[in-house]
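What follows is the content of my_file_37.txt, which has compact mmCIF, C-alpha atoms and all ligand atoms:
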```
# COMPACT_ATOMS: atom_id res chain seq x y z
CA MET A 1 0.00 0.00 0.00
CA ARG A 2 2.76 2.42 0.86
CA GLU A 3 4.17 2.21 -2.67
CA LEU A 4 0.73 3.03 -4.08
CA THR A 5 0.19 6.02 -1.82
CA ARG A 6 3.57 7.49 -2.63
CA ARG A 7 3.01 7.02 -6.30
CA ALA A 8 -0.37 8.69 -6.28
CA ALA A 9 1.07 11.74 -4.52
CA LEU A 10 3.78 12.01 -7.11
CA ALA A 11 1.28 11.88 -9.92
CA THR A 12 -0.88 14.51 -8.28
CA GLY A 13 2.19 16.75 -8.24
CA ALA A 14 1.03 17.59 -11.76
CA LEU A 15 4.17 17.56 -13.82
CA GLY A 16 1.93 18.59 -16.67
CA TRP A 17 1.11 16.65 -19.77
CA ALA A 18 2.61 19.01 -22.28
CA GLY A 19 4.58 17.27 -24.94
CA ALA A 20 7.47 19.68 -24.65
CA ALA A 21 10.08 17.66 -26.44
CA LEU A 22 13.81 17.92 -25.99
CA GLY A 23 16.08 18.75 -28.84
CA ARG A 24 16.97 15.09 -29.18
CA GLY A 25 15.36 13.17 -31.98
CA ILE A 26 15.29 9.77 -33.56
CA ASP A 27 14.47 8.35 -36.98
CA LEU A 28 12.21 5.31 -37.05
CA HIS A 29 13.24 4.54 -40.67
CA LEU A 30 9.67 4.07 -41.84
CA PRO A 31 9.63 2.74 -45.41
CA GLY A 32 7.57 5.67 -46.73
CA GLY A 33 9.72 8.26 -44.92
CA GLY A 34 8.40 10.67 -42.30
CA GLY A 35 9.97 8.71 -39.47
CA ARG A 36 11.59 11.62 -37.56
CA ARG A 37 10.35 11.82 -33.99
CA ALA A 38 11.34 13.74 -30.87
CA LEU A 39 12.52 12.08 -27.69
CA THR A 40 10.71 13.41 -24.65
CA ASP A 41 11.09 13.58 -20.85
CA ALA A 42 7.92 15.64 -20.42
CA PHE A 43 5.51 12.94 -19.25
CA PRO A 44 5.24 11.92 -15.58
CA GLY A 45 7.35 8.87 -14.80
CA LYS A 46 8.81 8.69 -18.32
CA ARG A 47 12.14 9.73 -19.78
CA GLY A 48 13.83 9.32 -23.14
CA VAL A 49 10.77 7.97 -24.92
CA ILE A 50 9.66 8.64 -28.48
CA LEU A 51 6.83 11.14 -28.78
CA GLN A 52 4.24 9.81 -31.24
CA ARG A 53 1.28 11.87 -29.96
CA THR A 54 0.63 14.11 -26.97
CA ARG A 55 -3.13 13.67 -26.35
CA GLY A 56 -4.01 10.87 -25.62
CA PRO A 57 -0.39 10.02 -25.10
CA LEU A 58 1.37 7.66 -27.49
CA LEU A 59 4.95 7.13 -26.35
CA GLU A 60 7.29 4.59 -27.90
CA THR A 61 10.31 2.82 -26.42
CA PRO A 62 13.53 3.41 -28.37
CA MET A 63 15.41 0.22 -29.31
CA ASP A 64 18.45 0.98 -27.13
CA ALA A 65 16.26 0.72 -24.00
CA PHE A 66 15.74 -3.00 -24.75
CA ASP A 67 19.39 -3.93 -25.13
CA GLY A 68 20.87 -6.48 -22.76
CA GLN A 69 17.92 -6.85 -20.37
CA VAL A 70 14.80 -8.95 -20.30
CA PHE A 71 12.67 -6.47 -18.33
CA THR A 72 11.84 -3.10 -19.86
CA PRO A 73 12.38 -0.28 -17.33
CA ASN A 74 9.12 1.34 -16.23
CA ASP A 75 10.33 4.84 -17.14
CA ARG A 76 11.06 3.78 -20.73
CA PHE A 77 7.97 1.55 -21.12
CA PHE A 78 5.71 2.50 -24.02
CA VAL A 79 2.36 4.22 -23.46
CA ARG A 80 -0.84 4.09 -25.44
CA TRP A 81 -4.19 5.72 -24.63
CA HIS A 82 -7.00 6.11 -27.14
CA TYR A 83 -8.62 9.13 -25.56
CA ALA A 84 -7.20 12.39 -24.21
CA ASP A 85 -9.28 12.35 -21.01
CA ILE A 86 -7.13 10.04 -18.90
CA PRO A 87 -6.65 9.89 -15.13
CA THR A 88 -3.84 12.14 -13.87
CA SER A 89 -4.28 11.28 -10.19
CA VAL A 90 -6.17 8.63 -8.26
CA ASP A 91 -7.17 8.75 -4.60
CA VAL A 92 -6.04 5.33 -3.44
CA GLY A 93 -8.18 5.63 -0.30
CA THR A 94 -11.50 5.95 -2.09
CA PHE A 95 -10.71 4.02 -5.29
CA ARG A 96 -12.89 0.93 -5.80
CA LEU A 97 -12.92 -1.85 -8.38
CA HIS A 98 -16.58 -2.59 -9.12
CA VAL A 99 -17.71 -6.07 -10.18
CA THR A 100 -21.23 -5.94 -11.60
CA GLY A 101 -23.55 -7.55 -14.14
CA ALA A 102 -24.42 -11.25 -14.14
CA VAL A 103 -23.11 -11.95 -10.63
CA ARG A 104 -24.68 -13.26 -7.44
CA ARG A 105 -23.80 -10.10 -5.51
CA PRO A 106 -22.08 -7.04 -6.98
CA VAL A 107 -18.92 -6.10 -5.05
CA SER A 108 -16.73 -3.01 -4.85
CA LEU A 109 -13.21 -3.80 -3.71
CA SER A 110 -10.69 -1.35 -2.26
CA LEU A 111 -7.00 -1.64 -3.10
CA ALA A 112 -6.36 -2.85 0.45
CA GLU A 113 -8.94 -5.62 0.02
CA LEU A 114 -7.40 -6.69 -3.28
CA GLN A 115 -3.91 -6.68 -1.81
CA ALA A 116 -5.07 -8.95 1.03
CA MET A 117 -6.01 -11.65 -1.51
CA PRO A 118 -3.56 -14.39 -2.67
CA ARG A 119 -0.88 -12.76 -4.83
CA VAL A 120 0.49 -13.88 -8.15
CA GLU A 121 3.51 -12.69 -10.09
CA LEU A 122 4.24 -13.26 -13.76
CA ALA A 123 6.56 -11.96 -16.47
CA ALA A 124 4.65 -11.04 -19.62
CA VAL A 125 5.15 -9.03 -22.77
CA ASN A 126 2.71 -6.17 -23.29
CA GLN A 127 2.56 -5.46 -27.03
CA CYS A 128 0.26 -3.10 -28.92
CA SER A 129 -1.71 -4.75 -31.72
CA GLY A 130 -0.33 -2.02 -33.97
CA ASN A 131 3.32 -2.37 -32.97
CA ALA A 132 5.51 -1.70 -36.05
CA ARG A 133 2.47 -0.55 -38.01
CA GLY A 134 4.62 2.14 -39.62
CA LEU A 135 6.63 -0.56 -41.38
CA PHE A 136 3.72 -1.93 -43.43
CA THR A 137 3.80 -1.48 -47.18
CA PRO A 138 1.40 -0.46 -48.56
CA ARG A 139 1.11 1.98 -45.67
CA VAL A 140 -1.95 1.69 -43.41
CA PRO A 141 -3.64 4.45 -41.38
CA GLY A 142 -3.20 4.62 -37.60
CA ALA A 143 -0.34 5.42 -35.24
CA GLN A 144 2.87 5.02 -37.23
CA TRP A 145 4.72 3.04 -34.58
CA GLY A 146 8.23 1.77 -35.10
CA GLU A 147 9.08 -1.43 -33.26
CA GLY A 148 8.89 -0.05 -29.74
CA ALA A 149 5.19 -0.34 -28.85
CA ILE A 150 6.17 -3.34 -26.75
CA GLY A 151 7.71 -4.08 -23.36
CA ASN A 152 8.16 -6.87 -20.86
CA ALA A 153 7.54 -6.53 -17.13
CA ARG A 154 7.11 -8.63 -14.03
CA TRP A 155 3.51 -8.02 -13.01
CA THR A 156 2.21 -8.42 -9.45
CA GLY A 157 -1.44 -8.71 -8.53
CA VAL A 158 -4.31 -11.11 -8.08
CA ARG A 159 -6.02 -13.60 -10.35
CA LEU A 160 -9.01 -12.23 -12.21
CA ARG A 161 -10.69 -15.54 -11.37
CA ASP A 162 -10.37 -14.90 -7.63
CA VAL A 163 -11.92 -11.45 -7.98
CA LEU A 164 -14.81 -12.80 -10.06
CA ASP A 165 -15.37 -15.47 -7.41
CA ARG A 166 -15.80 -12.76 -4.78
CA ALA A 167 -18.91 -11.65 -6.68
CA GLY A 168 -19.92 -15.13 -7.84
CA VAL A 169 -20.48 -15.47 -11.59
CA ALA A 170 -24.15 -16.22 -12.35
CA PRO A 171 -25.11 -19.24 -14.49
CA GLY A 172 -25.34 -18.42 -18.18
CA ALA A 173 -22.62 -15.73 -18.12
CA VAL A 174 -20.36 -15.76 -21.21
CA GLU A 175 -17.93 -12.83 -21.10
CA VAL A 176 -16.36 -10.30 -18.76
CA ARG A 177 -16.11 -6.68 -19.90
CA ALA A 178 -13.37 -4.48 -18.44
CA SER A 179 -13.21 -0.68 -18.48
CA GLY A 180 -11.21 2.02 -16.75
CA LEU A 181 -11.08 5.62 -15.55
CA ASP A 182 -10.42 7.21 -18.96
CA ARG A 183 -13.36 8.95 -20.61
CA PRO A 184 -14.43 9.27 -24.25
CA PRO A 185 -14.77 12.76 -25.73
CA ALA A 186 -18.18 14.42 -25.47
CA THR A 187 -18.89 13.65 -29.14
CA GLY A 188 -20.59 10.42 -28.11
CA ALA A 189 -17.58 8.22 -28.85
CA PRO A 190 -17.84 4.76 -27.25
CA TRP A 191 -16.35 4.15 -23.79
CA PHE A 192 -13.13 2.09 -24.09
CA ALA A 193 -14.04 -1.41 -22.95
CA LYS A 194 -12.72 -4.86 -23.84
CA SER A 195 -14.15 -8.30 -23.15
CA LEU A 196 -12.72 -11.74 -22.58
CA GLY A 197 -14.57 -15.04 -22.79
CA LEU A 198 -15.48 -16.25 -19.31
CA ASP A 199 -13.27 -19.37 -19.53
CA HIS A 200 -10.31 -17.22 -20.55
CA ALA A 201 -11.03 -14.70 -17.80
CA ARG A 202 -11.10 -17.57 -15.28
CA ASP A 203 -8.01 -19.45 -16.55
CA GLY A 204 -5.93 -18.47 -13.51
CA GLU A 205 -3.36 -16.62 -15.66
CA VAL A 206 -5.27 -13.46 -16.48
CA MET A 207 -4.55 -11.07 -13.64
CA ILE A 208 -5.39 -7.71 -12.15
CA ALA A 209 -2.01 -6.11 -11.51
CA TRP A 210 -0.93 -3.20 -9.35
CA GLY A 211 2.80 -3.94 -9.50
CA MET A 212 5.13 -3.55 -12.46
CA ASN A 213 8.78 -4.54 -12.05
CA GLY A 214 8.47 -4.24 -8.29
CA GLU A 215 6.93 -0.76 -8.25
CA ALA A 216 3.41 0.60 -8.45
CA LEU A 217 2.16 0.96 -12.03
CA PRO A 218 3.19 4.31 -13.50
CA MET A 219 0.16 6.59 -13.90
CA LEU A 220 0.46 6.35 -17.67
CA ASN A 221 0.58 2.55 -17.59
CA GLY A 222 -2.69 2.28 -15.71
CA PHE A 223 -2.23 3.19 -12.03
CA PRO A 224 -3.63 1.84 -9.78
CA LEU A 225 -4.80 -1.38 -11.49
CA ARG A 226 -4.64 -2.95 -14.92
CA LEU A 227 -5.58 -6.18 -16.54
CA VAL A 228 -2.69 -8.43 -17.63
CA VAL A 229 -3.68 -10.96 -20.29
CA PRO A 230 -0.58 -13.12 -20.79
CA GLY A 231 0.12 -14.01 -24.43
CA TRP A 232 -2.58 -11.70 -25.79
CA TYR A 233 -2.23 -8.28 -27.43
CA SER A 234 -2.42 -5.38 -25.04
CA THR A 235 -5.68 -3.95 -26.33
CA TYR A 236 -7.17 -6.34 -23.72
CA TRP A 237 -4.85 -5.12 -20.94
CA VAL A 238 -7.31 -2.47 -19.71
CA LYS A 239 -5.60 0.26 -17.69
CA ALA A 240 -6.85 2.24 -14.69
CA LEU A 241 -9.29 -0.66 -14.39
CA ASP A 242 -12.25 0.19 -12.16
CA ARG A 243 -15.10 -1.87 -13.59
CA LEU A 244 -15.67 -5.52 -14.47
CA GLU A 245 -19.05 -6.35 -15.88
CA VAL A 246 -20.06 -9.98 -16.28
CA LEU A 247 -22.12 -10.35 -19.48
CA SER A 248 -24.74 -12.96 -20.36
CA ALA A 249 -24.45 -12.19 -24.09
CA PRO A 250 -21.35 -11.49 -26.22
CA ASP A 251 -20.11 -7.88 -26.03
CA ALA A 252 -21.54 -6.05 -29.05
CA GLY A 253 -19.79 -2.78 -28.17
CA PHE A 254 -17.63 -0.84 -30.64
CA TRP A 255 -14.23 -1.93 -29.26
CA MET A 256 -15.06 -5.63 -29.67
CA ALA A 257 -17.51 -5.74 -32.58
CA LYS A 258 -15.96 -3.07 -34.82
CA ALA A 259 -12.39 -2.28 -33.72
CA TYR A 260 -9.35 -4.49 -33.15
CA ARG A 261 -10.41 -7.18 -35.58
CA ILE A 262 -8.15 -9.16 -37.90
CA PRO A 263 -8.92 -11.05 -41.12
CA ALA A 264 -10.19 -14.58 -40.43
CA THR A 265 -7.49 -16.08 -42.67
CA PRO A 266 -4.90 -18.65 -41.51
CA ASP A 267 -2.09 -16.06 -41.30
CA GLY A 268 -4.32 -13.06 -40.56
CA GLY A 269 -3.34 -11.41 -43.85
CA VAL A 270 -5.34 -10.22 -46.86
CA ARG A 271 -4.46 -8.62 -50.18
CA PRO A 272 -4.17 -4.84 -50.06
CA ARG A 273 -7.51 -3.27 -51.07
CA ALA A 274 -9.41 -6.46 -50.14
CA LYS A 275 -12.93 -5.59 -48.93
CA ASP A 276 -15.72 -7.31 -47.01
CA PHE A 277 -13.65 -10.21 -45.71
CA PRO A 278 -14.70 -11.97 -42.47
CA THR A 279 -12.88 -10.89 -39.32
CA VAL A 280 -12.35 -12.08 -35.74
CA PRO A 281 -11.26 -10.13 -32.65
CA ILE A 282 -7.47 -9.91 -32.41
CA ASN A 283 -6.27 -12.39 -29.82
CA ARG A 284 -3.02 -14.31 -29.19
CA MET A 285 0.39 -12.85 -29.95
CA HIS A 286 2.94 -14.47 -32.22
CA PRO A 287 6.65 -15.27 -31.96
CA ARG A 288 9.11 -12.45 -32.69
CA ALA A 289 12.87 -11.96 -32.53
CA PHE A 290 14.70 -8.66 -32.94
CA VAL A 291 18.23 -7.37 -32.56
CA THR A 292 19.02 -4.74 -29.94
CA ASN A 293 22.78 -4.10 -30.05
CA LEU A 294 23.17 -3.29 -33.75
CA ALA A 295 21.15 -0.78 -35.74
CA ASP A 296 20.07 -1.36 -39.31
CA GLY A 297 23.08 -0.55 -41.48
CA ALA A 298 25.60 -0.91 -38.61
CA HIS A 299 29.32 -1.28 -39.31
CA VAL A 300 31.13 -4.29 -37.87
CA GLU A 301 34.89 -4.71 -37.94
CA ALA A 302 35.96 -6.76 -40.98
CA ARG A 303 37.50 -10.20 -40.34
CA ALA A 304 36.75 -10.03 -36.61
CA PRO A 305 34.06 -11.92 -34.68
CA ALA A 306 31.07 -9.67 -33.95
CA ALA A 307 28.67 -10.04 -31.05
CA VAL A 308 25.00 -9.80 -31.93
CA ARG A 309 22.21 -9.97 -29.38
CA GLY A 310 18.57 -9.21 -28.98
CA LEU A 311 15.26 -10.25 -27.53
CA ALA A 312 12.67 -12.81 -28.50
CA MET A 313 9.14 -13.56 -27.43
CA GLY A 314 7.11 -16.69 -28.07
CA GLY A 315 3.70 -14.99 -28.08
CA ALA A 316 1.12 -17.34 -26.60
CA ALA A 317 3.76 -20.03 -25.87
CA ALA A 318 7.37 -20.05 -24.66
CA VAL A 319 10.34 -19.24 -26.88
CA ALA A 320 11.69 -22.59 -28.13
CA ARG A 321 14.54 -21.31 -30.33
CA VAL A 322 16.01 -18.32 -32.09
CA GLU A 323 17.96 -18.80 -35.29
CA LEU A 324 20.01 -16.51 -37.49
CA SER A 325 20.54 -16.53 -41.24
CA MET A 326 22.95 -14.61 -43.43
CA ASP A 327 21.78 -16.04 -46.75
CA GLY A 328 18.21 -14.80 -47.00
CA GLY A 329 16.68 -17.60 -44.96
CA HIS A 330 18.18 -20.73 -46.55
CA GLY A 331 20.59 -21.74 -43.82
CA TRP A 332 19.78 -21.11 -40.15
CA HIS A 333 22.08 -21.23 -37.11
CA ALA A 334 20.88 -21.44 -33.53
CA ALA A 335 21.51 -18.47 -31.25
CA SER A 336 22.01 -19.19 -27.56
CA LEU A 337 19.22 -18.24 -25.19
CA GLY A 338 19.48 -16.42 -21.87
CA ALA A 339 17.68 -17.31 -18.64
CA ASP A 340 14.04 -18.33 -18.86
CA GLU A 341 12.03 -15.82 -16.80
CA GLY A 342 8.66 -17.24 -17.78
CA ARG A 343 7.04 -18.31 -20.99
CA TYR A 344 5.12 -15.10 -21.65
CA GLY A 345 8.14 -12.84 -21.21
CA PHE A 346 11.10 -11.78 -23.32
CA ARG A 347 14.08 -14.08 -23.65
CA LEU A 348 17.58 -12.79 -24.36
CA TRP A 349 19.43 -14.32 -27.29
CA GLN A 350 23.00 -13.90 -28.48
CA ALA A 351 25.42 -15.18 -31.09
CA THR A 352 28.86 -14.43 -32.47
CA LEU A 353 29.13 -13.71 -36.17
CA PRO A 354 32.23 -15.10 -37.86
CA GLY A 355 34.76 -12.59 -39.22
CA LEU A 356 33.25 -11.12 -42.38
CA ALA A 357 35.16 -10.10 -45.50
CA PRO A 358 34.67 -6.39 -46.31
CA GLY A 359 31.29 -5.88 -47.95
CA GLY A 360 27.55 -5.62 -47.36
CA TYR A 361 25.45 -8.27 -45.62
CA ARG A 362 21.97 -8.88 -44.31
CA LEU A 363 21.32 -10.68 -41.03
CA TRP A 364 17.95 -12.36 -40.45
CA MET A 365 16.61 -13.59 -37.10
CA ARG A 366 13.58 -15.77 -36.44
CA CYS A 367 11.85 -17.24 -33.41
CA THR A 368 9.95 -20.51 -33.07
CA ASN A 369 7.73 -21.03 -30.04
CA ALA A 370 7.04 -24.15 -27.98
CA ALA A 371 3.76 -24.71 -29.84
CA GLY A 372 5.72 -24.99 -33.10
CA GLU A 373 4.69 -21.58 -34.46
CA ARG A 374 7.53 -19.99 -36.42
CA GLN A 375 7.92 -16.55 -37.95
CA ALA A 376 7.43 -16.41 -41.71
CA MET A 377 9.66 -14.53 -44.16
CA THR A 378 6.60 -12.78 -45.58
CA THR A 379 4.38 -10.17 -43.92
CA ALA A 380 0.68 -10.86 -43.44
CA TRP A 381 -0.69 -7.47 -44.55
CA ASN A 382 -4.00 -6.27 -43.09
CA PRO A 383 -5.71 -2.89 -43.38
CA SER A 384 -5.44 -2.09 -39.66
CA GLY A 385 -1.73 -2.81 -39.49
CA TYR A 386 -2.07 -5.36 -36.69
CA GLN A 387 0.15 -8.16 -35.40
CA ARG A 388 3.11 -7.47 -37.65
CA SER A 389 5.55 -10.33 -37.02
CA PRO A 390 7.53 -11.44 -40.09
CA VAL A 391 11.17 -12.54 -39.76
CA GLU A 392 13.16 -9.33 -39.32
CA SER A 393 16.54 -8.41 -40.72
CA ILE A 394 19.18 -5.71 -40.55
CA ALA A 395 21.78 -4.63 -43.07
CA LEU A 396 25.40 -4.93 -41.91
CA ARG A 397 28.59 -3.52 -43.39
CA ALA A 398 31.99 -5.03 -42.65
N1 LIG B 401 -8.31 2.19 -20.02
C1 LIG B 401 -7.58 1.96 -21.13
N2 LIG B 401 -6.83 0.84 -21.19
C2 LIG B 401 -6.08 0.59 -22.27
C3 LIG B 401 -6.11 1.45 -23.40
C4 LIG B 401 -6.92 2.62 -23.32
O1 LIG B 401 -6.99 3.44 -24.25
N3 LIG B 401 -7.64 2.84 -22.17
N4 LIG B 401 -5.37 1.12 -24.52
C5 LIG B 401 -5.00 -0.29 -24.69
C6 LIG B 401 -3.99 -0.46 -25.72
S1 LIG B 401 -4.54 -0.43 -27.32
C7 LIG B 401 -2.68 -0.70 -25.43
S2 LIG B 401 -1.55 -0.94 -26.65
C8 LIG B 401 -2.22 -0.80 -24.03
C9 LIG B 401 -0.96 -0.01 -23.79
O2 LIG B 401 -0.47 -0.27 -22.51
P1 LIG B 401 0.65 0.67 -21.90
O3 LIG B 401 0.24 2.09 -22.14
O4 LIG B 401 0.78 0.31 -20.48
O5 LIG B 401 1.93 0.36 -22.63
O6 LIG B 401 -3.20 -0.35 -23.12
C10 LIG B 401 -4.48 -0.87 -23.39
N5 LIG B 401 -5.33 -0.54 -22.28
MO MO B 402 -2.73 -1.00 -28.73
```

Give the structure from this file in structure tokens form.
Ligand SMILES: Nc1nc2c(c(=O)[nH]1)N[C@H]1C(S)=C(S)[C@@H](COP(=O)(O)O)O[C@H]1N2
Ligand SMILES: [Mo]
Amino acid sequence: MRELTRRAALATGALGWAGAALGRGIDLHLPGGGGRRALTDAFPGKRGVILQRTRGPLLETPMDAFDGQVFTPNDRFFVRWHYADIPTSVDVGTFRLHVTGAVRRPVSLSLAELQAMPRVELAAVNQCSGNARGLFTPRVPGAQWGEGAIGNARWTGVRLRDVLDRAGVAPGAVEVRASGLDRPPATGAPWFAKSLGLDHARDGEVMIAWGMNGEALPMLNGFPLRLVVPGWYSTYWVKALDRLEVLSAPDAGFWMAKAYRIPATPDGGVRPRAKDFPTVPINRMHPRAFVTNLADGAHVEARAPAAVRGLAMGGAAAVARVELSMDGGHGWHAASLGADEGRYGFRLWQATLPGLAPGGYRLWMRCTNAAGERQAMTTAWNPSGYQRSPVESIALRA
């Protein structure tokens, strides 16, 4: 509790939400150009993050913040809010999480009551559905993220199942809808709310977290509570969570029925300009591997071994292996993996490249997860720019 109280006071200190950027900038190398962005320290609890939008805040993690560590520091962790009207302070004494709808008895739980329940802790990657959207060709509308709308943290909280059991789910219930303290604009835009199937919500892994890497959640990452849905895209990880509504019919609201849907094709891709194809709500994440110690186009010393390292995630299953190719994906060589901190988290990988003769090269890296899902060399294009996860590569010059 003490951590929460202190954090709330700090947030109330109103550092201001102005996007006053520093002189520093970064280029996201988007294929269509226009990738220049400012780095900013102007948001509470954040420093050295890429400013994508000020209201509601969209802040991206620069690649260097990922290098050499499995857990993404809270102050560099990406931020995404749909609406501008977001909580800037929360009174932890009066805050309540309400559980309503198809339940035996509605309950309103204080933070102290939640923190007295059995605790769980889990490492899990939080990744925006639109991470790396800016890299799609043809270009798609929406936030032009580079590859930093992602992060891994150790989350502390309680099981969603245990909280639902406090209210008692009524027979016939099918989904649980979660919403938070942010508000839609007065134009009648739909409240941000996301739903999970009841079995998923009660699987014992989905959690309500107050802790992130051993600290209270930063205000911008959902203080005081957020949903953590391991292995699933973060659109479901509702922040500043204050309401759970048990539903007896599938959620027909905008954010489930209209937004965050992917083509119902095996790889989730369609041809550009395809229309009227069937869709399903975005769901599980996919394996990914990326390099963190070398930038695209980096120089390595000729004829000397070069260290290359990065991070991998398995998506909805653990990382099984990471492999590297220097011949366009014909031959693959295993990278070595760092410590396993949990199947939903990042895993470090590293390898040593043999001495290269002077010239230009391309290094490819791919991840396979424990369920046998492997990154493909081709990108599954979709008009919303979701779940981009092809095998990635960087150019190297020796
Ligand atoms: N209440 C609320 N929760 C939310 C959102 C939001 O707009 N409002 N955006 C979702 C989306 S789309 C993403 S990508 C993640 C981002 O989590 P982060 O800001 O902690 O990185 O929050 C999710 N939870
Ligand atoms: Mo997102």

Per residue of stretch 316-357 of chain A within 12 Å of stretch 372-393 of chain A, what are the shortest atom pair and its distance in Å to one decimal, counting all atoms listed in the file, with rows by chain and residue number, as a tab-separated table?
```
residue	atom	partner	partner_atom	distance
A:Ala316	CA	A:Glu373	CA	9.6
A:Ala317	CA	A:Glu373	CA	8.8
A:Ala318	CA	A:Gly372	CA	9.9
A:Val319	CA	A:Gly372	CA	9.6
A:Ala320	CA	A:Gly372	CA	8.1
A:Arg321	CA	A:Arg374	CA	9.4
A:Val322	CA	A:Arg374	CA	9.7
A:Glu323	CA	A:Val391	CA	10.3
A:Leu324	CA	A:Ser393	CA	9.4
A:Ser325	CA	A:Ser393	CA	9.1
A:Met326	CA	A:Ser393	CA	9.3
A:Asp327	CA	A:Ser393	CA	11.0
A:Gly328	CA	A:Met377	CA	9.0
A:Gly329	CA	A:Met377	CA	7.7
A:His330	CA	A:Met377	CA	10.8
```

Output as JSON lines one row per residue of chain A within 7 Å of ligand LIG 401 (chain B): the closest atom pair and its distance in Å to one decimal place, counting only C-alpha atoms and all ligand atoms, sorted by chain and residue number ascending.
```
{"residue": "A:Phe77", "atom": "CA", "partner": "B:LIG401", "partner_atom": "O5", "distance": 6.3}
{"residue": "A:Phe78", "atom": "CA", "partner": "B:LIG401", "partner_atom": "O5", "distance": 4.6}
{"residue": "A:Val79", "atom": "CA", "partner": "B:LIG401", "partner_atom": "O3", "distance": 3.3}
{"residue": "A:Arg80", "atom": "CA", "partner": "B:LIG401", "partner_atom": "O3", "distance": 4.0}
{"residue": "A:Trp81", "atom": "CA", "partner": "B:LIG401", "partner_atom": "O1", "distance": 3.6}
{"residue": "A:His82", "atom": "CA", "partner": "B:LIG401", "partner_atom": "O1", "distance": 3.9}
{"residue": "A:Tyr83", "atom": "CA", "partner": "B:LIG401", "partner_atom": "O1", "distance": 6.1}
{"residue": "A:Asn126", "atom": "CA", "partner": "B:LIG401", "partner_atom": "O5", "distance": 6.6}
{"residue": "A:Gln127", "atom": "CA", "partner": "B:LIG401", "partner_atom": "S2", "distance": 6.1}
{"residue": "A:Cys128", "atom": "CA", "partner": "B:LIG401", "partner_atom": "S2", "distance": 3.6}
{"residue": "A:Ser129", "atom": "CA", "partner": "B:LIG401", "partner_atom": "S2", "distance": 6.3}
{"residue": "A:Ile150", "atom": "CA", "partner": "B:LIG401", "partner_atom": "O5", "distance": 7.0}
{"residue": "A:Ser179", "atom": "CA", "partner": "B:LIG401", "partner_atom": "N1", "distance": 5.9}
{"residue": "A:Gly180", "atom": "CA", "partner": "B:LIG401", "partner_atom": "N1", "distance": 4.4}
{"residue": "A:Leu181", "atom": "CA", "partner": "B:LIG401", "partner_atom": "N1", "distance": 6.3}
{"residue": "A:Asp182", "atom": "CA", "partner": "B:LIG401", "partner_atom": "N1", "distance": 5.5}
{"residue": "A:Phe192", "atom": "CA", "partner": "B:LIG401", "partner_atom": "N3", "distance": 5.9}
{"residue": "A:Leu220", "atom": "CA", "partner": "B:LIG401", "partner_atom": "O3", "distance": 6.2}
{"residue": "A:Asn221", "atom": "CA", "partner": "B:LIG401", "partner_atom": "O4", "distance": 3.7}
{"residue": "A:Gly222", "atom": "CA", "partner": "B:LIG401", "partner_atom": "O4", "distance": 6.2}
{"residue": "A:Ser234", "atom": "CA", "partner": "B:LIG401", "partner_atom": "C8", "distance": 4.7}
{"residue": "A:Thr235", "atom": "CA", "partner": "B:LIG401", "partner_atom": "S1", "distance": 3.8}
{"residue": "A:Tyr236", "atom": "CA", "partner": "B:LIG401", "partner_atom": "C10", "distance": 6.1}
{"residue": "A:Trp237", "atom": "CA", "partner": "B:LIG401", "partner_atom": "N5", "distance": 4.8}
{"residue": "A:Val238", "atom": "CA", "partner": "B:LIG401", "partner_atom": "N2", "distance": 3.7}
{"residue": "A:Lys239", "atom": "CA", "partner": "B:LIG401", "partner_atom": "N2", "distance": 3.8}
{"residue": "A:Ala240", "atom": "CA", "partner": "B:LIG401", "partner_atom": "N1", "distance": 5.5}
{"residue": "A:Leu241", "atom": "CA", "partner": "B:LIG401", "partner_atom": "N1", "distance": 6.4}
```

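When only C-alpha atoms and all ligand atoms are used to measure the gap to ligand MO 402 (chain B), the shortest distance among A:His286, A:His333, A:Arg362, A:Lys194 belongs to A:Lys194.
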
To one decimal in Å, tell me the separation between atom CA of A:Tyr361 and atom CA of A:Thr292. 17.3 Å

How far is it from atom CA of A:Pro263 to atom CA of A:Arg139, in Å with one decimal? 17.1 Å

Proximity to ligand MO 402 (chain B) - best of A:Ile262, A:Ala274, A:Leu198, A:Ala143, only C-alpha atoms and all ligand atoms: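 Of A:Ile262, A:Ala274, A:Leu198, A:Ala143, the one nearest ligand MO 402 (chain B), counting only C-alpha atoms and all ligand atoms, is A:Ala143.
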